[in-house]
>>> print(open('coords-v6.csv').read())   # CSV, C-alpha atoms
chain,number,residue,atom,x,y,z
N,1,MET,CA,-9.3,-31.9,-5.5
N,2,VAL,CA,-7.1,-30.5,-2.8
N,3,ARG,CA,-7.6,-26.8,-2.1
N,4,LEU,CA,-4.3,-26.4,-0.3
N,5,PRO,CA,-3.1,-23.4,-2.4
N,6,PHE,CA,-6.3,-21.4,-1.4
N,7,CYS,CA,-5.7,-22.3,2.3
N,8,VAL,CA,-2.1,-21.3,2.1
N,9,LEU,CA,-3.1,-18.0,0.4
N,10,ALA,CA,-5.7,-17.3,3.1
N,11,LEU,CA,-3.2,-17.9,5.9
N,12,LEU,CA,-0.7,-15.7,4.2
N,13,VAL,CA,-3.2,-12.9,3.7
N,14,ALA,CA,-4.4,-13.2,7.3
N,15,SER,CA,-0.8,-12.8,8.5
N,16,VAL,CA,-0.3,-9.7,6.4
N,17,LEU,CA,-3.3,-7.8,7.7
N,18,ALA,CA,-4.5,-8.4,11.2
N,19,GLY,CA,-6.9,-6.4,13.4
N,20,CYS,CA,-5.2,-4.2,16.0
N,21,ASP,CA,-6.1,-1.7,18.6
N,22,ASN,CA,-2.8,-0.1,19.5
N,23,ALA,CA,-1.4,2.6,17.4
N,24,SER,CA,2.3,2.5,16.5
N,25,THR,CA,4.6,4.6,14.4
N,26,PRO,CA,7.0,2.4,12.4
N,27,THR,CA,10.6,3.3,12.1
N,28,SER,CA,13.0,3.0,9.1
N,29,ALA,CA,16.1,0.8,9.0
N,30,THR,CA,18.0,3.8,10.3
N,31,GLY,CA,15.7,4.2,13.3
N,32,SER,CA,13.9,7.4,12.2
N,33,ALA,CA,10.1,7.6,12.3
N,34,VAL,CA,8.3,7.0,9.1
N,35,THR,CA,5.7,9.6,8.0
N,36,ALA,CA,2.1,8.5,7.7
N,37,ILE,CA,0.4,8.9,4.3
N,38,THR,CA,-3.3,9.8,4.2
N,39,GLU,CA,-5.3,9.1,1.0
N,40,SER,CA,-8.9,10.0,0.3
N,41,TYR,CA,-11.3,7.8,-1.8
N,42,THR,CA,-14.7,9.0,-3.0
N,43,GLY,CA,-17.4,7.4,-5.0
N,44,THR,CA,-21.1,7.0,-5.4
N,45,LEU,CA,-22.7,3.7,-4.3
N,46,SER,CA,-25.9,2.6,-5.9
N,47,ARG,CA,-28.4,0.2,-4.5
N,48,ASN,CA,-26.6,-3.2,-3.9
N,49,GLY,CA,-23.4,-1.6,-5.3
N,50,ALA,CA,-19.8,-1.9,-4.2
N,51,ILE,CA,-16.5,0.0,-5.0
N,52,THR,CA,-13.0,-1.2,-4.2
N,53,HIS,CA,-10.0,1.2,-3.9
N,54,PRO,CA,-6.5,-0.4,-4.0
N,55,PHE,CA,-3.5,1.3,-2.4
N,56,VAL,CA,0.1,0.5,-1.7
N,57,VAL,CA,1.7,0.3,1.8
N,58,GLY,CA,5.4,1.1,1.7
N,59,THR,CA,6.3,0.3,5.3
N,60,PRO,CA,4.7,-2.2,7.7
N,61,GLY,CA,2.5,-0.6,10.4
N,62,ASN,CA,-1.1,0.4,11.1
N,63,ILE,CA,-3.7,1.0,8.4
N,64,THR,CA,-6.7,3.1,9.5
N,65,ALA,CA,-9.8,3.5,7.3
N,66,THR,CA,-12.3,6.2,8.4
N,67,LEU,CA,-15.7,6.7,6.8
N,68,VAL,CA,-15.6,10.5,6.7
N,69,SER,CA,-18.9,11.3,5.0
N,70,LEU,CA,-22.1,9.9,3.5
N,71,ASN,CA,-24.4,12.1,1.4
N,72,PRO,CA,-27.3,12.8,1.1
N,73,ASP,CA,-28.3,10.7,4.1
N,74,ASN,CA,-25.5,10.6,6.7
N,75,THR,CA,-27.5,8.2,8.9
N,76,VAL,CA,-27.5,5.3,6.5
N,77,LEU,CA,-25.3,2.3,7.3
N,78,ILE,CA,-22.9,1.0,4.7
N,79,GLY,CA,-20.4,-1.9,4.5
N,80,MET,CA,-16.7,-1.0,4.8
N,81,SER,CA,-13.8,-3.4,4.7
N,82,LEU,CA,-10.0,-3.6,4.6
N,83,GLY,CA,-8.1,-6.3,2.8
N,84,ALA,CA,-5.2,-7.5,0.7
N,85,TRP,CA,-5.2,-6.5,-3.0
N,86,ASN,CA,-4.3,-9.2,-5.5
N,87,THR,CA,-2.5,-7.4,-8.3
N,88,GLN,CA,-2.8,-10.5,-10.6
N,89,THR,CA,-6.6,-11.0,-10.4
N,90,GLU,CA,-7.4,-7.4,-9.4
N,91,THR,CA,-9.5,-8.6,-6.5
N,92,CYS,CA,-9.7,-7.6,-2.8
N,93,GLN,CA,-9.3,-10.4,-0.3
N,94,LEU,CA,-11.4,-9.0,2.6
N,95,ILE,CA,-9.8,-9.4,6.0
N,96,ILE,CA,-11.6,-6.9,8.3
N,97,THR,CA,-15.2,-6.2,7.6
N,98,ASN,CA,-17.9,-4.0,9.1
N,99,ASP,CA,-21.4,-4.6,7.6
N,100,ALA,CA,-23.0,-1.8,9.6
N,101,ALA,CA,-20.6,1.2,9.4
N,102,PRO,CA,-22.1,4.6,10.2
N,103,GLN,CA,-20.5,7.9,9.2
N,104,GLY,CA,-17.4,8.3,11.4
N,105,ARG,CA,-16.6,4.6,11.7
N,106,VAL,CA,-13.0,3.7,11.9
N,107,ILE,CA,-11.4,0.3,11.0
N,108,ILE,CA,-7.9,-0.4,12.1
N,109,GLY,CA,-5.6,-3.1,10.8
N,110,THR,CA,-1.9,-3.8,10.8
N,111,ALA,CA,0.2,-4.4,7.7
N,112,GLN,CA,2.9,-6.9,8.7
N,113,ASN,CA,4.6,-6.3,5.3
N,114,ALA,CA,4.7,-3.7,2.6
N,115,GLY,CA,2.4,-4.4,-0.3
N,116,ALA,CA,-0.9,-3.9,-2.0
N,117,PHE,CA,-4.0,-3.5,0.1
N,118,CYS,CA,-7.6,-2.3,-0.5
N,119,VAL,CA,-10.5,-0.6,1.1
N,120,ARG,CA,-14.1,-1.5,0.0
N,121,ALA,CA,-17.4,0.3,0.4
N,122,TYR,CA,-20.7,-1.4,-0.3
N,123,ASP,CA,-24.4,-1.3,0.2
N,124,VAL,CA,-25.7,-3.8,2.7
N,125,GLY,CA,-29.3,-3.4,1.6
N,126,LYS,CA,-30.0,-0.1,3.3
N,127,PHE,CA,-29.9,2.2,0.2
N,128,THR,CA,-33.0,3.7,-1.4
N,129,ASP,CA,-31.0,6.3,-3.4
N,130,PRO,CA,-27.4,6.6,-4.6
N,131,THR,CA,-25.1,7.6,-1.8
N,132,ASP,CA,-21.8,9.6,-2.1
N,133,TYR,CA,-19.1,8.6,0.3
N,134,GLU,CA,-15.6,9.6,1.3
N,135,ILE,CA,-13.2,7.2,3.1
N,136,GLN,CA,-9.8,8.3,4.3
N,137,VAL,CA,-7.0,5.7,4.6
N,138,THR,CA,-3.9,6.4,6.6
N,139,HIS,CA,-0.9,4.1,6.4
N,140,PHE,CA,2.9,4.1,6.3
>>> encode(input="coords-v6.csv", output="structure tokens")
Amino acid sequence: MVRLPFCVLALLVASVLAGCDNASTPTSATGSAVTAITESYTGTLSRNGAITHPFVVGTPGNITATLVSLNPDNTVLIGMSLGAWNTQTETCQLIITNDAAPQGRVIIGTAQNAGAFCVRAYDVGKFTDPTDYEIQVTHF
């Protein structure tokens, strides 16, 4: 069995969201700057749990995910990822992953196209109690 469709999908997704260090402000077709959108996602992670939050990017540009808070233990490490959201299967194809994110960690990617993306928070085997979190995602 040939797995070409999966390989093609993986290459397409990788081209849509790639890691990037330089900040840029995209411009519209008329040349004016596009306003950044910041969305906050919260939840409670249980031991070995994971929560995915899909969002829509309207204009290509940087995507920044910041782990704003962890409660009750703000020293615990969690997993945090950015990826492409598949609206048909409602799954997150993870592209940029940090399996040891402390409070304050920032992940930066670049959306090459407008579309559906996702941020995921998950326990990496460090939790003893449920942990509340807040992640802020900024995109265009």
>>> atom_distance(input="coords-v6.csv", atom1="atom CA of N:Ala101", atom2="atom CA of N:Thr138")
17.7 Å
>>> closest_residue(input="coords-v6.csv", among="N:Val106, N:Ile78, N:Val57, N:Leu67", to="N:Thr131", atoms="only C-alpha atoms")
N:Ile78
>>> atom_distance(input="coords-v6.csv", atom1="atom CA of N:Ala33", atom2="atom CA of N:Asn113")
16.5 Å
>>> residues_around(input="coords-v6.csv", residues="N:Asn86", least_positions_apart="6", cutoff="9 Å", atoms="all atoms listed in the file", output="VMD selection string")
chain N and resid 92 to 93 116 to 117
>>> closest_residue(input="coords-v6.csv", among="N:Thr110, N:Gln136, N:Asn98, N:Asn74", to="N:Asn62", atoms="only C-alpha atoms")
N:Thr110
>>> atom_distance(input="coords-v6.csv", atom1="atom CA of N:Ser81", atom2="atom CA of N:Thr97")
4.3 Å
>>> closest_residue(input="coords-v6.csv", among="N:Gly104, N:Gly83, N:Gly49, N:Gly115", to="N:Pro130", atoms="all atoms listed in the file")
N:Gly49
>>> residues_around(input="coords-v6.csv", residues="N:Asn71", least_positions_apart="2", cutoff="12 Å", atoms="only C-alpha atoms", output="ChimeraX atom specification")
/N:42-45,67-69,73-78,102-103,127,129-134
>>> closest_residue(input="coords-v6.csv", among="N:Thr35, N:Tyr122, N:Ile135, N:Ile107", to="N:Ile51", atoms="only C-alpha atoms")
N:Tyr122
